[in-house]
Amino acid sequence: MQTNTTIFKILKKADFLLLGALLLFAFAGSILLARAQKAPGETVRVTVDGEVYGEYPLSQDAEIFLPPTNDSSADGFHGENVIVIAGGEVRMREADCKNQVCVRTGSISRPGQTIVCLPHRVVVTILKGEEVLDAVTH
Amino acid sequence: MPLRIDRTKRLTLDAFLVTLALIFSYVEVLLPFFPGLPGVKLGLANLVVLIALYRLGAKDAFLINLVRILLAGLLFAGAYGLLYSLAGGIFSFLVMVVLKNTGHFSVPGVSMAGGVAHNLAQLAVAMLMVQNVNLLFYYPVLVLSGIVTGILIGIGAVLLSKYLHRLS
């Protein structure tokens, strides 16, 4: 009881202003982004190290195997990833990275959604055909 | 700021707090509080950093944070993870110091700003690393999670701080 009241007492006006500003920032963004994501996705783009590795139609089931590379250039070693397109959805089925964030991301199907494997610098993005972010900014 | 703390005591105290923060980092590696949401963490280690910031001052808190990040990065995350942690840790620390020094914000408020700053800095690094602006779609989640975890940690720090009479 005592501690609860002190917690609320210590909060200041600036805290609430900042909270409000941050919430507004997040919600405004999510509304804009949700609008951009409404249309169903069409193309799956896979990039490795920021370079396009391949583009695949979302409507066609496929399995994309990214083999491990071991080139000793600046970017070094990449592990292996298995991307699966099935039933209009994409997911990362396997990755031999430590954190497995990409695998746990699950399936994506709408434009702008991404699966990222940071350790391997692999990004799977769904595109609408035109660049999705342009639709947001314009 | 501490009054007459001799250097040895200070060194020991900082080392002790680094260890504590490192243990918190490890706990979160073992038991993620929000599995399934990439990039979302409670940030228990920030509990230590926050208390150090208010009780020992910015210099000690920064050193504790930096050493903790370097150790945790090398032990649990590897080189890439280290880069994200550094970006998030340093940027959020700067934001927290600035807000604290204005005197207008409470501890949970400062911590909330730190949480959001941490997440946004990591997102920025991620966008640079993978060269993909579409990651921007994830920012509302990161802002909200930064708010929630930051406030929780801030309240935790206030409650905990009451029992740390001898820490100064």
# chains A, B, ... in the order shown; residues from 1 in each chain; ligands from 1
$ select_by_dssp --residues "segment 31-153 of chain B" --states "alpha helix (DSSP H)" --output "CSV table (one decimal) with N, CA, C and O atoms, in the first residue's frame"
chain,number,residue,atom,x,y,z
B,45,ALA,N,19.2,-6.3,-16.7
B,45,ALA,CA,20.5,-5.7,-16.4
B,45,ALA,C,20.4,-4.2,-16.2
B,45,ALA,O,21.2,-3.6,-15.5
B,46,ASN,N,19.4,-3.6,-16.9
B,46,ASN,CA,19.3,-2.2,-16.7
B,46,ASN,C,18.8,-1.8,-15.3
B,46,ASN,O,19.0,-0.6,-15.0
B,47,LEU,N,18.3,-2.7,-14.6
B,47,LEU,CA,18.0,-2.5,-13.2
B,47,LEU,C,19.2,-2.0,-12.5
B,47,LEU,O,19.2,-1.0,-11.7
B,48,VAL,N,20.3,-2.7,-12.7
B,48,VAL,CA,21.6,-2.4,-12.0
B,48,VAL,C,22.1,-1.1,-12.5
B,48,VAL,O,22.5,-0.2,-11.7
B,49,VAL,N,22.0,-0.9,-13.9
B,49,VAL,CA,22.6,0.3,-14.4
B,49,VAL,C,21.8,1.6,-13.9
B,49,VAL,O,22.4,2.6,-13.6
B,50,LEU,N,20.5,1.4,-13.8
B,50,LEU,CA,19.7,2.5,-13.4
B,50,LEU,C,20.0,2.9,-12.0
B,50,LEU,O,20.1,4.1,-11.6
B,51,ILE,N,20.1,1.9,-11.1
B,51,ILE,CA,20.4,2.2,-9.7
B,51,ILE,C,21.7,2.8,-9.6
B,51,ILE,O,21.9,3.7,-8.8
B,52,ALA,N,22.7,2.3,-10.4
B,52,ALA,CA,24.0,2.8,-10.3
B,52,ALA,C,24.0,4.3,-10.8
B,52,ALA,O,24.7,5.2,-10.2
B,53,LEU,N,23.2,4.6,-11.8
B,53,LEU,CA,23.1,5.9,-12.4
B,53,LEU,C,22.7,6.9,-11.3
B,53,LEU,O,23.2,8.0,-11.1
B,54,TYR,N,21.7,6.5,-10.5
B,54,TYR,CA,21.1,7.4,-9.5
B,54,TYR,C,21.9,7.4,-8.2
B,54,TYR,O,22.0,8.4,-7.5
B,55,ARG,N,22.5,6.3,-7.9
B,55,ARG,CA,23.2,6.2,-6.6
B,55,ARG,C,24.7,6.5,-6.7
B,55,ARG,O,25.3,7.0,-5.8
B,58,ALA,N,26.8,9.1,-13.2
B,58,ALA,CA,26.8,8.6,-14.6
B,58,ALA,C,28.1,7.9,-14.9
B,58,ALA,O,28.1,6.9,-15.7
B,59,LYS,N,29.3,8.3,-14.4
B,59,LYS,CA,30.5,7.7,-14.8
B,59,LYS,C,30.6,6.2,-14.4
B,59,LYS,O,30.9,5.4,-15.2
B,60,ASP,N,30.3,6.0,-13.2
B,60,ASP,CA,30.3,4.6,-12.7
B,60,ASP,C,29.2,3.7,-13.5
B,60,ASP,O,29.5,2.6,-13.9
B,61,ALA,N,28.1,4.3,-13.6
B,61,ALA,CA,27.0,3.6,-14.3
B,61,ALA,C,27.4,3.3,-15.7
B,61,ALA,O,27.1,2.1,-16.2
B,62,PHE,N,28.1,4.2,-16.4
B,62,PHE,CA,28.4,4.0,-17.8
B,62,PHE,C,29.5,2.8,-17.8
B,62,PHE,O,29.4,2.0,-18.7
B,63,LEU,N,30.5,2.9,-16.9
B,63,LEU,CA,31.5,1.8,-16.9
B,63,LEU,C,30.9,0.5,-16.7
B,63,LEU,O,31.2,-0.5,-17.3
B,64,ILE,N,30.0,0.4,-15.7
B,64,ILE,CA,29.3,-0.8,-15.3
B,64,ILE,C,28.6,-1.4,-16.6
B,64,ILE,O,28.7,-2.5,-16.9
B,65,ASN,N,27.8,-0.5,-17.2
B,65,ASN,CA,27.1,-0.9,-18.4
B,65,ASN,C,28.0,-1.4,-19.5
B,65,ASN,O,27.7,-2.5,-20.1
B,66,LEU,N,29.0,-0.6,-19.8
B,66,LEU,CA,29.9,-1.0,-20.9
B,66,LEU,C,30.6,-2.3,-20.6
B,66,LEU,O,30.6,-3.2,-21.5
B,67,VAL,N,31.1,-2.5,-19.4
B,67,VAL,CA,31.8,-3.8,-19.1
B,67,VAL,C,30.8,-5.0,-19.2
B,67,VAL,O,31.1,-6.0,-19.7
B,68,ARG,N,29.6,-4.7,-18.6
B,68,ARG,CA,28.6,-5.7,-18.6
B,68,ARG,C,28.3,-6.2,-20.1
B,68,ARG,O,28.2,-7.3,-20.4
B,69,ILE,N,28.1,-5.1,-21.0
B,69,ILE,CA,27.8,-5.4,-22.4
B,69,ILE,C,28.9,-6.2,-23.0
B,69,ILE,O,28.6,-7.2,-23.7
B,70,LEU,N,30.1,-5.8,-22.8
B,70,LEU,CA,31.3,-6.5,-23.5
B,70,LEU,C,31.3,-7.9,-23.0
B,70,LEU,O,31.5,-8.9,-23.8
B,71,LEU,N,31.2,-8.1,-21.7
B,71,LEU,CA,31.3,-9.5,-21.2
B,71,LEU,C,30.1,-10.4,-21.6
B,71,LEU,O,30.3,-11.5,-22.1
B,72,ALA,N,28.9,-9.8,-21.5
B,72,ALA,CA,27.7,-10.6,-21.9
B,72,ALA,C,27.8,-10.9,-23.4
B,72,ALA,O,27.4,-12.0,-23.8
B,78,GLY,N,28.1,-13.5,-29.1
B,78,GLY,CA,29.0,-13.4,-30.2
B,78,GLY,C,29.1,-12.0,-30.8
B,78,GLY,O,28.5,-11.1,-30.3
B,79,ALA,N,29.9,-11.8,-31.8
B,79,ALA,CA,30.3,-10.5,-32.3
B,79,ALA,C,29.1,-9.7,-32.8
B,79,ALA,O,29.0,-8.5,-32.5
B,80,TYR,N,28.2,-10.4,-33.5
B,80,TYR,CA,27.0,-9.6,-34.0
B,80,TYR,C,26.2,-9.1,-32.8
B,80,TYR,O,25.8,-7.9,-32.8
B,81,GLY,N,25.8,-10.0,-31.9
B,81,GLY,CA,25.0,-9.6,-30.8
B,81,GLY,C,25.7,-8.5,-30.0
B,81,GLY,O,25.0,-7.6,-29.6
B,82,LEU,N,27.0,-8.5,-29.9
B,82,LEU,CA,27.7,-7.5,-29.2
B,82,LEU,C,27.5,-6.1,-29.8
B,82,LEU,O,27.3,-5.1,-29.1
B,83,LEU,N,27.5,-6.1,-31.2
B,83,LEU,CA,27.3,-4.9,-31.9
B,83,LEU,C,25.9,-4.2,-31.5
B,83,LEU,O,25.8,-3.1,-31.3
B,84,TYR,N,24.9,-5.1,-31.5
B,84,TYR,CA,23.6,-4.6,-31.2
B,84,TYR,C,23.5,-4.1,-29.8
B,84,TYR,O,22.9,-3.1,-29.5
B,85,SER,N,24.1,-4.9,-28.9
B,85,SER,CA,24.0,-4.6,-27.5
B,85,SER,C,24.7,-3.3,-27.2
B,85,SER,O,24.2,-2.4,-26.5
B,86,LEU,N,25.8,-3.1,-27.9
B,86,LEU,CA,26.6,-1.8,-27.7
B,86,LEU,C,25.8,-0.6,-28.2
B,86,LEU,O,25.7,0.4,-27.5
B,87,ALA,N,25.2,-0.8,-29.4
B,87,ALA,CA,24.4,0.3,-29.9
B,87,ALA,C,23.3,0.7,-29.0
B,87,ALA,O,23.1,1.8,-28.6
B,88,GLY,N,22.5,-0.4,-28.6
B,88,GLY,CA,21.4,-0.2,-27.7
B,88,GLY,C,21.8,0.4,-26.4
B,88,GLY,O,21.2,1.3,-25.8
B,89,GLY,N,22.8,-0.2,-25.8
B,89,GLY,CA,23.3,0.1,-24.4
B,89,GLY,C,23.8,1.6,-24.4
B,89,GLY,O,23.4,2.3,-23.5
B,90,ILE,N,24.6,2.0,-25.3
B,90,ILE,CA,25.2,3.3,-25.3
B,90,ILE,C,24.2,4.4,-25.6
B,90,ILE,O,24.1,5.4,-24.8
B,91,PHE,N,23.4,4.1,-26.6
B,91,PHE,CA,22.4,5.2,-26.9
B,91,PHE,C,21.4,5.3,-25.8
B,91,PHE,O,21.0,6.5,-25.4
B,92,SER,N,20.9,4.2,-25.3
B,92,SER,CA,19.9,4.3,-24.2
B,92,SER,C,20.5,5.0,-23.0
B,92,SER,O,19.8,5.8,-22.3
B,93,PHE,N,21.7,4.7,-22.7
B,93,PHE,CA,22.4,5.3,-21.6
B,93,PHE,C,22.5,6.8,-21.7
B,93,PHE,O,22.2,7.6,-20.8
B,94,LEU,N,22.9,7.3,-22.9
B,94,LEU,CA,22.9,8.7,-23.2
B,94,LEU,C,21.6,9.4,-23.0
B,94,LEU,O,21.5,10.4,-22.3
B,95,VAL,N,20.6,8.8,-23.5
B,95,VAL,CA,19.2,9.3,-23.4
B,95,VAL,C,18.8,9.4,-21.9
B,95,VAL,O,18.3,10.4,-21.5
B,96,MET,N,19.1,8.4,-21.2
B,96,MET,CA,18.7,8.4,-19.8
B,96,MET,C,19.5,9.4,-19.0
B,96,MET,O,18.9,10.1,-18.1
B,97,VAL,N,20.8,9.6,-19.3
B,97,VAL,CA,21.5,10.6,-18.6
B,97,VAL,C,21.0,12.0,-18.8
B,97,VAL,O,20.8,12.8,-17.9
B,98,VAL,N,20.7,12.3,-20.1
B,98,VAL,CA,20.2,13.6,-20.5
B,98,VAL,C,18.8,13.8,-19.8
B,98,VAL,O,18.6,14.9,-19.2
B,99,LEU,N,17.9,12.9,-19.8
B,99,LEU,CA,16.6,13.1,-19.2
B,99,LEU,C,16.7,13.2,-17.7
B,99,LEU,O,16.0,14.0,-17.1
B,100,LYS,N,17.6,12.4,-17.1
B,100,LYS,CA,17.8,12.5,-15.7
B,100,LYS,C,18.3,13.9,-15.3
B,100,LYS,O,17.8,14.5,-14.3
B,101,ASN,N,19.2,14.4,-16.1
B,101,ASN,CA,19.8,15.7,-15.8
B,101,ASN,C,18.8,16.9,-15.9
B,101,ASN,O,19.0,18.0,-15.4
B,102,THR,N,17.8,16.7,-16.7
B,102,THR,CA,16.8,17.8,-16.9
B,102,THR,C,16.0,18.0,-15.5
B,102,THR,O,15.5,19.0,-15.3
B,107,VAL,N,12.2,8.2,-12.1
B,107,VAL,CA,13.0,7.1,-12.5
B,107,VAL,C,12.3,6.2,-13.5
B,107,VAL,O,12.9,5.9,-14.5
B,108,PRO,N,11.0,5.9,-13.3
B,108,PRO,CA,10.4,5.1,-14.3
B,108,PRO,C,10.3,5.8,-15.7
B,108,PRO,O,10.4,5.2,-16.7
B,109,GLY,N,10.1,7.1,-15.6
B,109,GLY,CA,10.1,7.9,-16.9
B,109,GLY,C,11.4,7.8,-17.6
B,109,GLY,O,11.5,7.6,-18.8
B,110,VAL,N,12.5,8.0,-16.9
B,110,VAL,CA,13.9,7.9,-17.5
B,110,VAL,C,14.1,6.5,-18.0
B,110,VAL,O,14.6,6.3,-19.2
B,111,SER,N,13.7,5.5,-17.3
B,111,SER,CA,13.9,4.1,-17.7
B,111,SER,C,13.1,3.8,-18.9
B,111,SER,O,13.5,3.1,-19.8
B,112,MET,N,11.8,4.4,-19.0
B,112,MET,CA,11.0,4.2,-20.2
B,112,MET,C,11.7,4.7,-21.4
B,112,MET,O,11.7,4.0,-22.4
B,113,ALA,N,12.2,5.9,-21.3
B,113,ALA,CA,12.9,6.5,-22.5
B,113,ALA,C,14.1,5.7,-22.8
B,113,ALA,O,14.4,5.5,-24.0
B,114,GLY,N,14.8,5.2,-21.8
B,114,GLY,CA,15.9,4.3,-22.1
B,114,GLY,C,15.5,3.1,-22.8
B,114,GLY,O,16.2,2.6,-23.8
B,115,GLY,N,14.4,2.5,-22.4
B,115,GLY,CA,14.0,1.2,-23.1
B,115,GLY,C,13.7,1.5,-24.5
B,115,GLY,O,14.1,0.7,-25.4
B,116,VAL,N,12.9,2.5,-24.8
B,116,VAL,CA,12.6,2.8,-26.2
B,116,VAL,C,13.8,3.2,-27.0
B,116,VAL,O,14.0,2.7,-28.1
B,117,ALA,N,14.7,4.0,-26.4
B,117,ALA,CA,15.9,4.3,-27.1
B,117,ALA,C,16.8,3.1,-27.5
B,117,ALA,O,17.3,3.0,-28.6
B,118,HIS,N,16.8,2.2,-26.5
B,118,HIS,CA,17.6,1.0,-26.7
B,118,HIS,C,17.1,0.2,-27.9
B,118,HIS,O,17.8,-0.2,-28.8
B,119,ASN,N,15.7,0.0,-27.9
B,119,ASN,CA,15.1,-0.8,-29.0
B,119,ASN,C,15.3,-0.1,-30.4
B,119,ASN,O,15.5,-0.8,-31.4
B,120,LEU,N,15.1,1.2,-30.4
B,120,LEU,CA,15.2,1.9,-31.7
B,120,LEU,C,16.7,1.9,-32.2
B,120,LEU,O,16.9,1.8,-33.4
B,121,ALA,N,17.6,2.0,-31.3
B,121,ALA,CA,19.0,2.0,-31.7
B,121,ALA,C,19.3,0.6,-32.3
B,121,ALA,O,20.0,0.5,-33.3
B,122,GLN,N,18.8,-0.4,-31.7
B,122,GLN,CA,19.1,-1.8,-32.2
B,122,GLN,C,18.4,-2.0,-33.6
B,122,GLN,O,19.0,-2.6,-34.5
B,123,LEU,N,17.2,-1.4,-33.7
B,123,LEU,CA,16.5,-1.5,-35.0
B,123,LEU,C,17.3,-0.8,-36.1
B,123,LEU,O,17.5,-1.3,-37.2
B,124,ALA,N,17.9,0.4,-35.7
B,124,ALA,CA,18.7,1.1,-36.7
B,124,ALA,C,19.9,0.3,-37.1
B,124,ALA,O,20.2,0.2,-38.3
B,125,VAL,N,20.6,-0.3,-36.2
B,125,VAL,CA,21.7,-1.1,-36.5
B,125,VAL,C,21.3,-2.3,-37.4
B,125,VAL,O,22.0,-2.6,-38.4
B,126,ALA,N,20.2,-2.9,-37.0
B,126,ALA,CA,19.7,-4.0,-37.8
B,126,ALA,C,19.4,-3.6,-39.2
B,126,ALA,O,19.8,-4.3,-40.2
B,127,MET,N,18.8,-2.4,-39.4
B,127,MET,CA,18.5,-1.9,-40.8
B,127,MET,C,19.8,-1.7,-41.6
B,127,MET,O,19.9,-2.0,-42.8
B,128,LEU,N,20.8,-1.2,-40.9
B,128,LEU,CA,22.1,-0.9,-41.5
B,128,LEU,C,22.8,-2.3,-41.9
B,128,LEU,O,23.3,-2.4,-43.0
B,129,MET,N,22.7,-3.2,-41.0
B,129,MET,CA,23.4,-4.5,-41.2
B,129,MET,C,22.8,-5.3,-42.4
B,129,MET,O,23.5,-5.8,-43.2
B,130,VAL,N,21.5,-5.3,-42.4
B,130,VAL,CA,20.9,-6.2,-43.5
B,130,VAL,C,20.5,-5.3,-44.7
B,130,VAL,O,19.9,-5.8,-45.6
B,139,TYR,N,8.9,-1.1,-36.0
B,139,TYR,CA,9.2,-0.2,-35.0
B,139,TYR,C,8.1,0.0,-34.0
B,139,TYR,O,8.4,0.2,-32.8
B,140,PRO,N,6.8,0.0,-34.4
B,140,PRO,CA,5.8,0.2,-33.3
B,140,PRO,C,5.9,-0.8,-32.2
B,140,PRO,O,5.7,-0.5,-31.0
B,141,VAL,N,6.1,-2.1,-32.6
B,141,VAL,CA,6.3,-3.1,-31.6
B,141,VAL,C,7.4,-2.8,-30.6
B,141,VAL,O,7.3,-2.9,-29.4
B,142,LEU,N,8.5,-2.3,-31.2
B,142,LEU,CA,9.7,-2.1,-30.4
B,142,LEU,C,9.5,-0.8,-29.5
B,142,LEU,O,10.0,-0.8,-28.4
B,143,VAL,N,8.8,0.1,-30.0
B,143,VAL,CA,8.5,1.3,-29.1
B,143,VAL,C,7.6,0.9,-28.0
B,143,VAL,O,7.9,1.2,-26.8
B,144,LEU,N,6.5,0.2,-28.3
B,144,LEU,CA,5.6,-0.3,-27.2
B,144,LEU,C,6.3,-1.2,-26.2
B,144,LEU,O,6.2,-1.0,-25.0
B,145,SER,N,7.1,-2.1,-26.7
B,145,SER,CA,7.8,-3.0,-25.7
B,145,SER,C,8.8,-2.2,-24.9
B,145,SER,O,9.0,-2.5,-23.7
B,146,GLY,N,9.5,-1.2,-25.5
B,146,GLY,CA,10.4,-0.4,-24.8
B,146,GLY,C,9.7,0.4,-23.7
B,146,GLY,O,10.3,0.5,-22.6
B,147,ILE,N,8.5,0.9,-24.0
B,147,ILE,CA,7.8,1.6,-22.9
B,147,ILE,C,7.4,0.7,-21.8
B,147,ILE,O,7.7,1.0,-20.6
B,148,VAL,N,6.9,-0.5,-22.1
B,148,VAL,CA,6.4,-1.4,-21.0
B,148,VAL,C,7.6,-1.9,-20.2
B,148,VAL,O,7.6,-1.8,-19.0
B,149,THR,N,8.6,-2.4,-20.9
B,149,THR,CA,9.8,-3.0,-20.1
B,149,THR,C,10.5,-1.9,-19.4
B,149,THR,O,10.9,-2.1,-18.2
B,150,GLY,N,10.6,-0.7,-20.0
B,150,GLY,CA,11.3,0.4,-19.3
B,150,GLY,C,10.6,0.8,-18.0
B,150,GLY,O,11.2,1.0,-17.0
B,151,ILE,N,9.3,0.9,-18.1
B,151,ILE,CA,8.5,1.3,-16.9
B,151,ILE,C,8.6,0.3,-15.8
B,151,ILE,O,8.9,0.6,-14.6
B,152,LEU,N,8.5,-1.0,-16.2
B,152,LEU,CA,8.6,-2.1,-15.2
B,152,LEU,C,10.0,-2.1,-14.5
B,152,LEU,O,10.1,-2.1,-13.3
B,153,ILE,N,11.0,-1.9,-15.3
B,153,ILE,CA,12.4,-1.9,-14.8
B,153,ILE,C,12.5,-0.7,-13.9
B,153,ILE,O,13.1,-0.7,-12.8
$ interface_residues --of "chain A" --to "chain B" --cutoff "6 Å" --atoms "only C-alpha atoms" --output "list in words"
Leu11, Ala14, Asp15, Ala26, Ser30, Asp49, Gly50, Val101, Arg104, Gly112 and Arg121 of chain A
$ residues_around --residues "Val123 of chain A" --least-positions-apart "6" --cutoff "6 Å" --atoms "only C-alpha atoms" --output "JSON, numbers by chain"
{"A": [46, 47, 115, 116]}
$ write_last_selection --atoms "N, CA, C and O atoms" --output "compact mmCIF listing (two decimals), in the first residue's frame"
# COMPACT_ATOMS: atom_id res chain seq x y z
N VAL A 46 14.29 -12.53 -51.27
CA VAL A 46 15.29 -12.98 -50.31
C VAL A 46 16.58 -12.21 -50.56
O VAL A 46 17.08 -12.17 -51.69
N THR A 47 17.08 -11.54 -49.54
CA THR A 47 18.36 -10.85 -49.71
C THR A 47 19.37 -11.41 -48.71
O THR A 47 19.04 -11.80 -47.61
N ILE A 115 11.08 -11.55 -42.38
CA ILE A 115 11.74 -12.48 -41.47
C ILE A 115 13.22 -12.16 -41.58
O ILE A 115 13.75 -12.04 -42.68
N VAL A 116 13.86 -11.98 -40.46
CA VAL A 116 15.26 -11.60 -40.50
C VAL A 116 16.10 -12.63 -39.75
O VAL A 116 15.75 -13.04 -38.66
$ atom_distance --atom1 "atom CA of Ile108 of chain A" --atom2 "atom CA of Arg91 of chain A"
6.5 Å
$ select_by_dssp --residues "segment 12-93 of chain A" --states "strand (DSSP E)" --output "count of residues only"
29
$ closest_residue --among "A:Cys102, A:Val44, A:Ala95, A:Leu58" --to "Ile126 of chain A" --atoms "only C-alpha atoms"
A:Val44
